[in-house]
Amino acid sequence: MADLSALADGTLPPARRAEVEARIAASPELQELLERQRTAVIAAQTITAEEVPQSLQVAVENLRPRRGRREWARPVPRLAIVGAAVAAGVVAAVVLSGGPGAPTVADAADLATKAPTAPAPPSRSATKLAIGVEGVTFPDYARAYGWRPVGVRRGHLDGRDATVVFYGKDHRRLAYVIVAGSALARPSGAQTTVVDGVDYRVLRLDGRPAVTWRRGGHTCVLVGGTTRSELLQLASWP
């Protein structure tokens, strides 16, 4: 992580650069962390280029220990004020976002444990349902696999909309989640399978088999009562 931070701010020694870049290129999670770090660096540079507001100077002054008139009168360095502002911004970002990488694929899968709040959507075609998220349409598995839509639930993940379509077959249930907005970070430790150029991650979430992948730049999660192989088959169809 120290090397990643140094790469983001341009202080990584040239002798380490090739190795670090190779590791990052092989990991989507590290790529996302690098982009976040670079964004933080740009934000910090922007702050240092701007005039520090008087109210912020007073707030930082008030945090200093009062050991005497002479020390109290000493001006606070601009760098200390900027550091306080950056630190406050980082804390605010963590609180508002729920922490680095939030929301997660596990958060999306958690929606699948809840009950539907709307009836099943109708079919739009032989392979698609008449429901989707930002251009990504839910599949209709009824004809090909016997999994019929039985309900819908809409929720929110850290400010993002997320939609779940539930499917039923032989007293079993599947849940297909699509999260609005940019794709979530891929989970680490999952089994990776590539089908027709698409990267699928197969794993267990709360003891249930699940698969996650990206369609149209959005994160999709399929989780429920069937085998991993069938989940992967359903995820990659049509």
# chains A, B, ... in the order shown; residues from 1 in each chain; ligands from 1
$ residues_around --residues "Leu30 (chain A)" --least-positions-apart "5" --cutoff "12 Å" --atoms "only C-alpha atoms" --output "list in words"
Met1, Asp3, Leu4, Ser5, Leu7, Ala8, Val20, Glu21, Ala22, Arg23, Ile24, Ala25, Glu35, Arg36, Gln37, Pro100, Gly101, Ala185, Arg186, Pro187 and Ser188 of chain A
$ closest_residue --among "A:Val177, A:Ala109, A:Ala2, A:Ala190" --to "Pro139 (chain A)" --atoms "only C-alpha atoms"
A:Val177
$ residues_around --residues "Pro209 (chain A)" --least-positions-apart "4" --cutoff "12 Å" --atoms "only C-alpha atoms" --output "MDAnalysis selection string"
chainID A and resid 106 109 174:175 190:191 201:205 221:232
$ write_last_selection --atoms "C-alpha atoms" --output "mmCIF file, in the first residue's frame"
data_model
loop_
_atom_site.group_PDB
_atom_site.id
_atom_site.type_symbol
_atom_site.label_atom_id
_atom_site.label_comp_id
_atom_site.auth_asym_id
_atom_site.auth_seq_id
_atom_site.Cartn_x
_atom_site.Cartn_y
_atom_site.Cartn_z
ATOM 1 C CA ALA A 106 -21.648 -8.477 -0.342
ATOM 2 C CA ALA A 109 -26.083 -9.708 -2.228
ATOM 3 C CA LEU A 174 -32.638 -17.119 -7.020
ATOM 4 C CA ALA A 175 -31.991 -13.387 -6.762
ATOM 5 C CA ALA A 190 -13.174 -15.471 -5.542
ATOM 6 C CA GLN A 191 -12.726 -18.050 -8.272
ATOM 7 C CA ARG A 201 -16.207 -14.184 -9.981
ATOM 8 C CA VAL A 202 -17.704 -17.233 -8.258
ATOM 9 C CA LEU A 203 -17.780 -17.199 -4.448
ATOM 10 C CA ARG A 204 -19.902 -17.782 -1.362
ATOM 11 C CA LEU A 205 -21.702 -14.917 0.357
ATOM 12 C CA VAL A 221 -24.836 -10.389 -8.653
ATOM 13 C CA LEU A 222 -26.692 -13.697 -8.962
ATOM 14 C CA VAL A 223 -27.148 -15.597 -5.722
ATOM 15 C CA GLY A 224 -29.382 -18.372 -4.488
ATOM 16 C CA GLY A 225 -30.453 -21.969 -4.251
ATOM 17 C CA THR A 226 -28.627 -23.785 -7.005
ATOM 18 C CA THR A 227 -25.154 -25.009 -7.855
ATOM 19 C CA ARG A 228 -22.234 -22.775 -8.731
ATOM 20 C CA SER A 229 -22.104 -24.247 -12.210
ATOM 21 C CA GLU A 230 -25.748 -23.404 -12.886
ATOM 22 C CA LEU A 231 -25.291 -19.915 -11.452
ATOM 23 C CA LEU A 232 -22.415 -19.368 -13.866
#
$ atom_distance --atom1 "CA of Gly181 (chain A)" --atom2 "CA of Ala142 (chain A)"
28.0 Å
$ select_by_dssp --residues "region 144-180 of chain A" --states "strand (DSSP E)" --output "list in words"
Arg148, Pro149, Val150, Gly151, Val152, Arg153, Arg154, Gly155, His156, Leu157, Arg160, Asp161, Ala162, Thr163, Val164, Val165, Phe166, Tyr167, Gly168, Lys169, Arg172, Arg173, Leu174, Ala175, Tyr176, Val177, Ile178 and Val179 of chain A
$ closest_residue --among "A:Ala180, A:Ala6, A:Val164, A:Leu33" --to "Thr219 (chain A)" --atoms "only C-alpha atoms"
A:Ala180
$ closest_residue --among "A:Pro13, A:Ser123, A:Arg173, A:Trp237" --to "Ala144 (chain A)" --atoms "only C-alpha atoms"
A:Trp237
$ closest_residue --among "A:Arg215, A:Arg208, A:Arg154, A:Arg172" --to "Ile131 (chain A)" --atoms "only C-alpha atoms"
A:Arg154
